[in-house]
Amino acid sequence: MAAEPAHLRLVSEVDRTDGAAPASGLVSRVHAGPISELSDAQLVALTSSGEVSAFEALYRRHVAFALSLAVRLQGSAGDVEDVVHDAFLRAHERLDSLREPAAFRAWLGSIIVRMVRTRLRRRRLLRALGLVQPGEAVDLDAVASSDASPEARALLAQVYALLCTMVPDDRIAWTLRYVERHRLETVAELAGCSLATAKRRIQRAQTFLSEHFVSSIAEAPP
């Protein structure tokens, strides 16, 4: 069996905590109390009935996840607080459209994916028009685990630098699959596309990375 490509092994060096270090100060402590012990479905129902504290509980429960997802998709913590803030506002405004209240976390994730994709597309257009500098700053402190070696961090930076050159749809699909470790069905759901489309996007990104990634780490024997 062929060895796993180095750029796929490197995603193990991505920070696996639910929080995003640069924005950790935004995460409020979940206070003990009855409302914090309710399920997402119950909190969604209470929010729909006008209970403000219920949505505050949803925010405290899922903000670390939201920050972490946005950081990994962007490859940096730049403006990530605004993305997450706007995502929660949109979720609150459209809560009545949530068909499965128990799936609030996944639904919030799909909102964040759409917002990040819009930002990436806008930046790509501005770059093509010469209105912003080419390239994107990769924030390794935001995406790499604290115990990653210097060499692993350098190679991880290369992975993200290559991701930055891809079209946003392919980049997001690959990140959801190999960085966030989601199943293909979940990638399709979060990206708002069919399963076949998600597979094609991931394969295009994987082929590009395989062709352009240069590893200084010796490949493991098959």
# chains A, B, ... in the order shown; residues from 1 in each chain; ligands from 1
>>> residues_around(residues="Val71 in chain A", least_positions_apart="3", cutoff="9 Å", atoms="only C-alpha atoms", output="PyMOL selection string")
chain A and resi 20+66-68+74-78+80+139+142-143
>>> residues_around(residues="Val167 in chain A", least_positions_apart="3", cutoff="12 Å", atoms="only C-alpha atoms", output="list in words")
Arg117, Thr118, Leu120, Arg121, Arg122, Arg123, Arg124, Leu125, Leu162, Leu163, Cys164, Asp170, Arg171, Ile172, Ala173, Trp174, Arg201, Ile202, Arg204, Ala205 and Phe208 of chain A
>>> atom_distance(atom1="CA of His7 in chain A", atom2="CA of Leu155 in chain A")
7.8 Å
>>> closest_residue(among="A:Met166, A:Ile112, A:Val14, A:Leu89", to="Asp147 in chain A", atoms="only C-alpha atoms")
A:Val14
>>> closest_residue(among="A:Thr47, A:Leu58, A:Ala128, A:Glu189", to="Glu93 in chain A", atoms="only C-alpha atoms")
A:Thr47
>>> select_by_dssp(residues="range 23-222 of chain A", states="helix (DSSP H, G or I)", output="JSON, numbers by chain")
{"A": [23, 24, 25, 26, 34, 35, 36, 37, 40, 41, 42, 43, 44, 45, 46, 47, 48, 52, 53, 54, 55, 56, 57, 58, 59, 60, 61, 62, 63, 64, 65, 66, 67, 68, 69, 70, 71, 72, 73, 74, 80, 81, 82, 83, 84, 85, 86, 87, 88, 89, 90, 91, 92, 93, 95, 96, 97, 101, 102, 103, 104, 105, 106, 107, 108, 109, 110, 111, 112, 113, 114, 115, 116, 117, 118, 119, 120, 121, 122, 123, 124, 125, 126, 127, 128, 140, 141, 142, 143, 150, 151, 152, 153, 154, 155, 156, 157, 158, 159, 160, 161, 162, 163, 168, 169, 170, 171, 172, 173, 174, 175, 176, 177, 178, 179, 184, 185, 186, 187, 188, 189, 190, 191, 195, 196, 197, 198, 199, 200, 201, 202, 203, 204, 205, 206, 207, 208, 209, 210, 211, 212]}
>>> write_last_selection(atoms="C-alpha atoms", output="short mmCIF file (atom, residue, chain, number, x, y, z; two decimals), in the first residue's frame")
data_model
loop_
_atom_site.label_atom_id
_atom_site.label_comp_id
_atom_site.auth_asym_id
_atom_site.auth_seq_id
_atom_site.Cartn_x
_atom_site.Cartn_y
_atom_site.Cartn_z
CA ALA A 23 -9.74 34.96 19.71
CA SER A 24 -10.02 32.91 22.89
CA GLY A 25 -10.81 36.01 24.92
CA LEU A 26 -14.13 36.26 23.13
CA PRO A 34 -30.52 25.04 34.40
CA ILE A 35 -30.51 26.77 31.01
CA SER A 36 -26.94 25.72 30.25
CA GLU A 37 -27.97 22.10 30.75
CA ASP A 40 -29.71 22.55 21.55
CA ALA A 41 -33.22 21.65 20.42
CA GLN A 42 -34.69 22.99 23.66
CA LEU A 43 -32.62 26.17 23.47
CA VAL A 44 -33.69 26.75 19.86
CA ALA A 45 -37.35 26.35 20.87
CA LEU A 46 -36.94 28.79 23.76
CA THR A 47 -35.15 31.29 21.51
CA SER A 48 -38.01 31.10 19.01
CA VAL A 52 -32.99 35.89 25.00
CA SER A 53 -30.93 33.91 27.51
CA ALA A 54 -31.51 30.74 25.48
CA PHE A 55 -29.68 32.12 22.45
CA GLU A 56 -26.94 33.43 24.73
CA ALA A 57 -26.52 29.84 25.93
CA LEU A 58 -26.30 28.62 22.33
CA TYR A 59 -23.65 31.26 21.67
CA ARG A 60 -21.54 30.27 24.68
CA ARG A 61 -21.84 26.60 23.78
CA HIS A 62 -20.83 26.92 20.13
CA VAL A 63 -18.69 30.06 19.78
CA ALA A 64 -15.39 28.19 20.27
CA PHE A 65 -16.35 25.75 17.50
CA ALA A 66 -17.37 28.64 15.24
CA LEU A 67 -14.11 30.54 15.80
CA SER A 68 -12.02 27.43 15.22
CA LEU A 69 -13.84 26.53 11.98
CA ALA A 70 -13.52 30.04 10.56
CA VAL A 71 -9.81 30.21 11.40
CA ARG A 72 -9.02 26.87 9.76
CA LEU A 73 -11.01 27.67 6.64
CA GLN A 74 -9.32 31.07 6.27
CA VAL A 80 -12.56 36.02 12.23
CA GLU A 81 -14.43 37.62 15.11
CA ASP A 82 -16.53 39.60 12.62
CA VAL A 83 -17.29 36.45 10.62
CA VAL A 84 -18.47 34.59 13.71
CA HIS A 85 -20.43 37.56 15.03
CA ASP A 86 -22.25 37.97 11.72
CA ALA A 87 -22.86 34.20 11.51
CA PHE A 88 -24.60 34.16 14.88
CA LEU A 89 -26.67 37.20 13.94
CA ARG A 90 -27.74 35.50 10.72
CA ALA A 91 -28.53 32.30 12.60
CA HIS A 92 -30.71 34.23 15.03
CA GLU A 93 -32.54 35.99 12.22
CA LEU A 95 -33.78 30.41 13.24
CA ASP A 96 -37.31 29.65 12.08
CA SER A 97 -35.88 28.08 8.92
CA PRO A 101 -33.32 22.18 15.98
CA ALA A 102 -30.99 19.50 17.34
CA ALA A 103 -28.67 20.15 14.37
CA PHE A 104 -28.01 23.79 15.33
CA ARG A 105 -24.22 23.33 15.45
CA ALA A 106 -23.99 21.84 11.94
CA TRP A 107 -26.37 24.48 10.61
CA LEU A 108 -24.26 27.25 12.16
CA GLY A 109 -21.22 25.64 10.54
CA SER A 110 -22.84 25.82 7.11
CA ILE A 111 -23.50 29.53 7.64
CA ILE A 112 -19.85 30.11 8.53
CA VAL A 113 -18.72 28.16 5.45
CA ARG A 114 -20.87 30.35 3.19
CA MET A 115 -19.61 33.55 4.79
CA VAL A 116 -15.95 32.52 4.55
CA ARG A 117 -16.46 31.45 0.92
CA THR A 118 -17.91 34.87 0.11
CA ARG A 119 -14.90 36.56 1.71
CA LEU A 120 -12.45 34.33 -0.16
CA ARG A 121 -14.19 34.95 -3.48
CA ARG A 122 -14.20 38.69 -2.90
CA ARG A 123 -10.50 38.70 -2.09
CA ARG A 124 -9.75 36.57 -5.15
CA LEU A 125 -11.62 39.05 -7.36
CA LEU A 126 -9.86 42.06 -5.82
CA ARG A 127 -6.52 40.31 -6.29
CA ALA A 128 -7.33 39.64 -9.96
CA LEU A 140 0.49 29.48 11.84
CA ASP A 141 -0.09 30.41 15.47
CA ALA A 142 -3.81 30.16 14.74
CA VAL A 143 -3.84 26.85 12.86
CA PRO A 150 9.49 23.96 13.36
CA GLU A 151 9.82 21.77 10.27
CA ALA A 152 6.22 20.61 10.51
CA ARG A 153 5.08 24.23 10.91
CA ALA A 154 7.04 25.23 7.80
CA LEU A 155 5.51 22.44 5.76
CA LEU A 156 2.05 23.18 7.13
CA ALA A 157 2.55 26.77 6.00
CA GLN A 158 3.28 25.41 2.53
CA VAL A 159 0.02 23.46 2.53
CA TYR A 160 -1.96 26.56 3.44
CA ALA A 161 -0.04 28.66 0.92
CA LEU A 162 -1.07 26.21 -1.80
CA LEU A 163 -4.65 26.21 -0.56
CA PRO A 168 -12.53 28.89 -2.80
CA ASP A 169 -14.92 25.98 -3.40
CA ASP A 170 -12.09 23.44 -3.83
CA ARG A 171 -10.10 24.91 -0.97
CA ILE A 172 -13.05 24.79 1.43
CA ALA A 173 -14.08 21.26 0.47
CA TRP A 174 -10.53 19.92 0.97
CA THR A 175 -10.16 21.72 4.31
CA LEU A 176 -13.47 20.38 5.58
CA ARG A 177 -12.47 16.86 4.55
CA TYR A 178 -8.82 16.66 5.61
CA VAL A 179 -8.35 19.40 8.21
CA LEU A 184 -17.94 13.30 2.65
CA GLU A 185 -21.66 13.58 3.33
CA THR A 186 -21.02 16.25 5.96
CA VAL A 187 -18.66 18.13 3.63
CA ALA A 188 -21.40 18.26 1.00
CA GLU A 189 -23.92 19.46 3.57
CA LEU A 190 -21.67 22.16 4.98
CA ALA A 191 -20.59 23.32 1.51
CA LEU A 195 -22.05 14.63 -2.74
CA ALA A 196 -20.69 14.16 -6.27
CA THR A 197 -19.73 17.84 -6.47
CA ALA A 198 -18.01 17.68 -3.09
CA LYS A 199 -15.99 14.66 -4.24
CA ARG A 200 -14.91 16.44 -7.43
CA ARG A 201 -13.82 19.53 -5.53
CA ILE A 202 -11.82 17.51 -3.03
CA GLN A 203 -10.17 15.47 -5.80
CA ARG A 204 -9.15 18.60 -7.74
CA ALA A 205 -7.61 20.08 -4.61
CA GLN A 206 -5.91 16.82 -3.70
CA THR A 207 -4.42 16.46 -7.18
CA PHE A 208 -3.12 20.03 -7.10
CA LEU A 209 -1.52 19.55 -3.68
CA SER A 210 0.04 16.25 -4.69
CA GLU A 211 1.59 17.87 -7.76
CA HIS A 212 2.94 20.99 -6.05
#
>>> atom_distance(atom1="CA of Ala144 in chain A", atom2="CA of Glu13 in chain A")
5.8 Å
>>> closest_residue(among="A:Phe213, A:His182, A:Ser39, A:Val138", to="Leu8 in chain A", atoms="only C-alpha atoms")
A:Phe213
>>> atom_distance(atom1="CA of Leu98 in chain A", atom2="CA of Arg183 in chain A")
21.6 Å
>>> decode(residues="range 163-199 of chain A", atoms="N, CA and C atoms", output="tab-separated table (two decimals), in the first residue's frame")
chain	number	residue	atom	x	y	z
A	163	LEU	N	-3.20	26.09	-0.64
A	163	LEU	CA	-4.65	26.21	-0.56
A	163	LEU	C	-5.11	27.61	-0.96
A	164	CYS	N	-4.30	28.60	-0.61
A	164	CYS	CA	-4.67	29.99	-0.91
A	164	CYS	C	-4.71	30.28	-2.41
A	165	THR	N	-4.07	29.44	-3.21
A	165	THR	CA	-4.05	29.66	-4.66
A	165	THR	C	-5.23	28.98	-5.35
A	166	MET	N	-5.98	28.18	-4.63
A	166	MET	CA	-7.09	27.44	-5.23
A	166	MET	C	-8.36	28.28	-5.28
A	167	VAL	N	-9.29	27.84	-6.11
A	167	VAL	CA	-10.61	28.47	-6.09
A	167	VAL	C	-11.23	28.16	-4.73
A	168	PRO	N	-12.00	29.08	-4.16
A	168	PRO	CA	-12.53	28.89	-2.80
A	168	PRO	C	-13.31	27.61	-2.59
A	169	ASP	N	-14.11	27.18	-3.59
A	169	ASP	CA	-14.92	25.98	-3.40
A	169	ASP	C	-14.05	24.74	-3.18
A	170	ASP	N	-12.98	24.60	-3.98
A	170	ASP	CA	-12.09	23.44	-3.83
A	170	ASP	C	-11.33	23.52	-2.52
A	171	ARG	N	-10.86	24.70	-2.20
A	171	ARG	CA	-10.10	24.91	-0.97
A	171	ARG	C	-10.94	24.57	0.25
A	172	ILE	N	-12.17	25.03	0.29
A	172	ILE	CA	-13.05	24.79	1.43
A	172	ILE	C	-13.40	23.32	1.55
A	173	ALA	N	-13.72	22.68	0.44
A	173	ALA	CA	-14.08	21.26	0.47
A	173	ALA	C	-12.92	20.42	1.00
A	174	TRP	N	-11.71	20.69	0.52
A	174	TRP	CA	-10.53	19.92	0.97
A	174	TRP	C	-10.27	20.16	2.45
A	175	THR	N	-10.39	21.40	2.89
A	175	THR	CA	-10.16	21.72	4.31
A	175	THR	C	-11.18	21.04	5.20
A	176	LEU	N	-12.44	21.05	4.79
A	176	LEU	CA	-13.47	20.38	5.58
A	176	LEU	C	-13.21	18.88	5.67
A	177	ARG	N	-12.70	18.31	4.59
A	177	ARG	CA	-12.47	16.86	4.55
A	177	ARG	C	-11.22	16.46	5.32
A	178	TYR	N	-10.10	17.13	5.08
A	178	TYR	CA	-8.82	16.66	5.61
A	178	TYR	C	-8.31	17.43	6.82
A	179	VAL	N	-8.75	18.66	7.01
A	179	VAL	CA	-8.35	19.40	8.21
A	179	VAL	C	-9.41	19.24	9.30
A	180	GLU	N	-10.67	19.48	8.92
A	180	GLU	CA	-11.75	19.31	9.88
A	180	GLU	C	-12.16	17.85	10.08
A	181	ARG	N	-11.70	16.97	9.15
A	181	ARG	CA	-11.93	15.53	9.25
A	181	ARG	C	-13.41	15.15	9.18
A	182	HIS	N	-14.17	15.85	8.37
A	182	HIS	CA	-15.58	15.52	8.21
A	182	HIS	C	-15.77	14.40	7.19
A	183	ARG	N	-16.84	13.65	7.32
A	183	ARG	CA	-17.21	12.66	6.32
A	183	ARG	C	-17.64	13.40	5.05
A	184	LEU	N	-17.58	12.68	3.93
A	184	LEU	CA	-17.94	13.30	2.65
A	184	LEU	C	-19.35	13.86	2.66
A	185	GLU	N	-20.27	13.12	3.27
A	185	GLU	CA	-21.66	13.58	3.33
A	185	GLU	C	-21.77	14.90	4.10
A	186	THR	N	-20.99	15.02	5.16
A	186	THR	CA	-21.02	16.25	5.96
A	186	THR	C	-20.37	17.40	5.20
A	187	VAL	N	-19.30	17.11	4.46
A	187	VAL	CA	-18.66	18.13	3.63
A	187	VAL	C	-19.67	18.70	2.63
A	188	ALA	N	-20.40	17.82	1.98
A	188	ALA	CA	-21.40	18.26	1.00
A	188	ALA	C	-22.46	19.12	1.67
A	189	GLU	N	-22.89	18.70	2.85
A	189	GLU	CA	-23.92	19.46	3.57
A	189	GLU	C	-23.42	20.83	3.97
A	190	LEU	N	-22.23	20.89	4.54
A	190	LEU	CA	-21.67	22.16	4.98
A	190	LEU	C	-21.39	23.09	3.80
A	191	ALA	N	-20.93	22.52	2.69
A	191	ALA	CA	-20.59	23.32	1.51
A	191	ALA	C	-21.81	23.66	0.67
A	192	GLY	N	-22.94	23.06	0.97
A	192	GLY	CA	-24.16	23.35	0.23
A	192	GLY	C	-24.12	22.85	-1.20
A	193	CYS	N	-23.59	21.64	-1.40
A	193	CYS	CA	-23.50	21.07	-2.75
A	193	CYS	C	-23.84	19.59	-2.69
A	194	SER	N	-23.93	18.96	-3.85
A	194	SER	CA	-24.20	17.53	-3.89
A	194	SER	C	-22.97	16.75	-3.47
A	195	LEU	N	-23.17	15.48	-3.14
A	195	LEU	CA	-22.05	14.63	-2.74
A	195	LEU	C	-21.06	14.47	-3.89
A	196	ALA	N	-21.58	14.32	-5.11
A	196	ALA	CA	-20.69	14.16	-6.27
A	196	ALA	C	-19.85	15.41	-6.49
A	197	THR	N	-20.46	16.59	-6.31
A	197	THR	CA	-19.73	17.84	-6.47
A	197	THR	C	-18.65	17.98	-5.40
A	198	ALA	N	-18.99	17.62	-4.17
A	198	ALA	CA	-18.01	17.68	-3.09
A	198	ALA	C	-16.82	16.78	-3.39
A	199	LYS	N	-17.07	15.59	-3.89
A	199	LYS	CA	-15.99	14.66	-4.24
A	199	LYS	C	-15.09	15.24	-5.33
